[in-house]
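A.B. asks: First, the structure itself, so that you have it in front of you.
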Amino acid sequence: MRWHLALVLAASFVACPLDGIAGEKQIADVKELAGNWRGLVRTEFGRESATMVVEEDGTYKASTTRGTLTQGAFDLRDGKLRYQSTRTTGTASLSANHGKTVLTMMPVDPTADTGRTEYERVK
């Protein structure tokens with residue numbers, strides 16, 4: 001009986017691919033990050049809305065609604081996307097979910113004022 005269920009599930013995945021499910025996207029060049037992004041960041045004041053502009057060379061400027069400014073740069077090392085900013089250093093990943101492109105940044109040493117941040121590409 002279990003194998004019937006497994007067979008039905010496998011057949012349904014083949015017939016209906018998981019287009020809307022989030023999946024990490026591999027990038028070959030930081031130029032792919034260029035553009036405008038928006039998200040929520042942690043600051044000393046709590047969670048705040050933020051915008052980030054990434055240039056084709058991987059450098060970026062991010063600012064919150066209160067005016068906190070962070071500058072940094074993305075780079076690819078050994079196939080991994082990393083970043084270094086005036087506030088934190090860490091890893092980043094790009095994913096697609098329901099037609100949205102999401103950039104996730106995770107500091108190496110998160111604190112109360114920093115942590116995982118997700119930005120959505122502004123079209």
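Chain labels A, B, ... are given in the sequence in which chains occur in the structure tokens; within each chain residues are numbered consecutively from 1, and ligands are likewise numbered from 1 in the order shown.
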Just the strand (DSSP E or B) stuff from chain A, please, per backbone DSSP, written as a ChimeraX atom specification.

C.D. replies: /A:23-25,35-43,46-54,59-64,69-77,80-85,89-97,100-107,117-121

A.B. asks: Keeping C-alpha atoms for every residue in the selection just given, could you write it to a file as an mmCIF file, in the first residue's frame?

C.D. replies:
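So the final result, stored in selection.cif, reads:
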data_model
loop_
_atom_site.group_PDB
_atom_site.id
_atom_site.type_symbol
_atom_site.label_atom_id
_atom_site.label_comp_id
_atom_site.auth_asym_id
_atom_site.auth_seq_id
_atom_site.Cartn_x
_atom_site.Cartn_y
_atom_site.Cartn_z
ATOM 1 C CA GLY A 23 14.857 27.039 -4.947
ATOM 2 C CA GLU A 24 18.363 28.377 -4.641
ATOM 3 C CA LYS A 25 19.682 29.941 -7.820
ATOM 4 C CA GLY A 35 19.494 46.470 -9.249
ATOM 5 C CA ASN A 36 17.142 47.590 -6.509
ATOM 6 C CA TRP A 37 16.087 45.461 -3.549
ATOM 7 C CA ARG A 38 13.796 45.972 -0.538
ATOM 8 C CA GLY A 39 13.382 44.094 2.713
ATOM 9 C CA LEU A 40 13.412 44.181 6.498
ATOM 10 C CA VAL A 41 16.631 44.465 8.491
ATOM 11 C CA ARG A 42 17.510 44.300 12.176
ATOM 12 C CA THR A 43 18.984 47.425 13.723
ATOM 13 C CA GLY A 46 14.364 46.757 15.981
ATOM 14 C CA ARG A 47 13.142 45.615 12.548
ATOM 15 C CA GLU A 48 13.066 48.330 9.912
ATOM 16 C CA SER A 49 12.202 48.575 6.240
ATOM 17 C CA ALA A 50 15.274 48.920 4.075
ATOM 18 C CA THR A 51 16.227 49.440 0.470
ATOM 19 C CA MET A 52 19.449 48.314 -1.152
ATOM 20 C CA VAL A 53 20.999 49.275 -4.476
ATOM 21 C CA VAL A 54 23.568 46.836 -5.869
ATOM 22 C CA THR A 59 29.194 47.060 -4.351
ATOM 23 C CA TYR A 60 26.036 48.127 -2.582
ATOM 24 C CA LYS A 61 24.450 50.738 -0.360
ATOM 25 C CA ALA A 62 21.550 49.897 1.904
ATOM 26 C CA SER A 63 19.532 52.337 3.959
ATOM 27 C CA THR A 64 16.649 52.093 6.401
ATOM 28 C CA LEU A 69 23.327 53.543 5.952
ATOM 29 C CA THR A 70 25.367 50.414 5.296
ATOM 30 C CA GLN A 71 27.853 50.004 2.463
ATOM 31 C CA GLY A 72 29.469 46.815 1.304
ATOM 32 C CA ALA A 73 30.342 44.475 -1.524
ATOM 33 C CA PHE A 74 29.377 41.015 -2.741
ATOM 34 C CA ASP A 75 31.912 38.618 -4.185
ATOM 35 C CA LEU A 76 32.058 35.031 -5.376
ATOM 36 C CA ARG A 77 34.719 32.831 -3.776
ATOM 37 C CA LYS A 80 29.962 30.761 -2.799
ATOM 38 C CA LEU A 81 28.373 34.180 -2.633
ATOM 39 C CA ARG A 82 29.758 36.257 0.226
ATOM 40 C CA TYR A 83 29.470 39.826 1.394
ATOM 41 C CA GLN A 84 31.348 42.267 3.579
ATOM 42 C CA SER A 85 29.746 45.464 4.831
ATOM 43 C CA THR A 89 30.425 39.877 7.053
ATOM 44 C CA GLY A 90 28.752 36.707 5.901
ATOM 45 C CA THR A 91 27.259 34.540 3.197
ATOM 46 C CA ALA A 92 24.441 35.276 0.794
ATOM 47 C CA SER A 93 22.172 33.266 -1.458
ATOM 48 C CA LEU A 94 19.741 33.983 -4.241
ATOM 49 C CA SER A 95 16.471 32.090 -4.587
ATOM 50 C CA ALA A 96 13.257 32.202 -6.562
ATOM 51 C CA ASN A 97 9.863 31.732 -4.943
ATOM 52 C CA LYS A 100 9.936 36.624 -6.759
ATOM 53 C CA THR A 101 13.711 36.785 -6.546
ATOM 54 C CA VAL A 102 14.967 36.830 -2.963
ATOM 55 C CA LEU A 103 18.469 37.697 -1.762
ATOM 56 C CA THR A 104 19.202 36.281 1.703
ATOM 57 C CA MET A 105 22.155 37.586 3.700
ATOM 58 C CA MET A 106 23.374 35.721 6.788
ATOM 59 C CA PRO A 107 26.111 37.218 8.984
ATOM 60 C CA THR A 117 18.031 39.523 6.190
ATOM 61 C CA GLU A 118 15.922 38.878 3.122
ATOM 62 C CA TYR A 119 15.612 41.367 0.310
ATOM 63 C CA GLU A 120 13.189 41.034 -2.595
ATOM 64 C CA ARG A 121 14.183 42.299 -6.042
#

A.B. asks: As number ranges by chain, which residues of chain A does DSSP assign to alpha helix (DSSP H)?

C.D. replies: A: 2-15
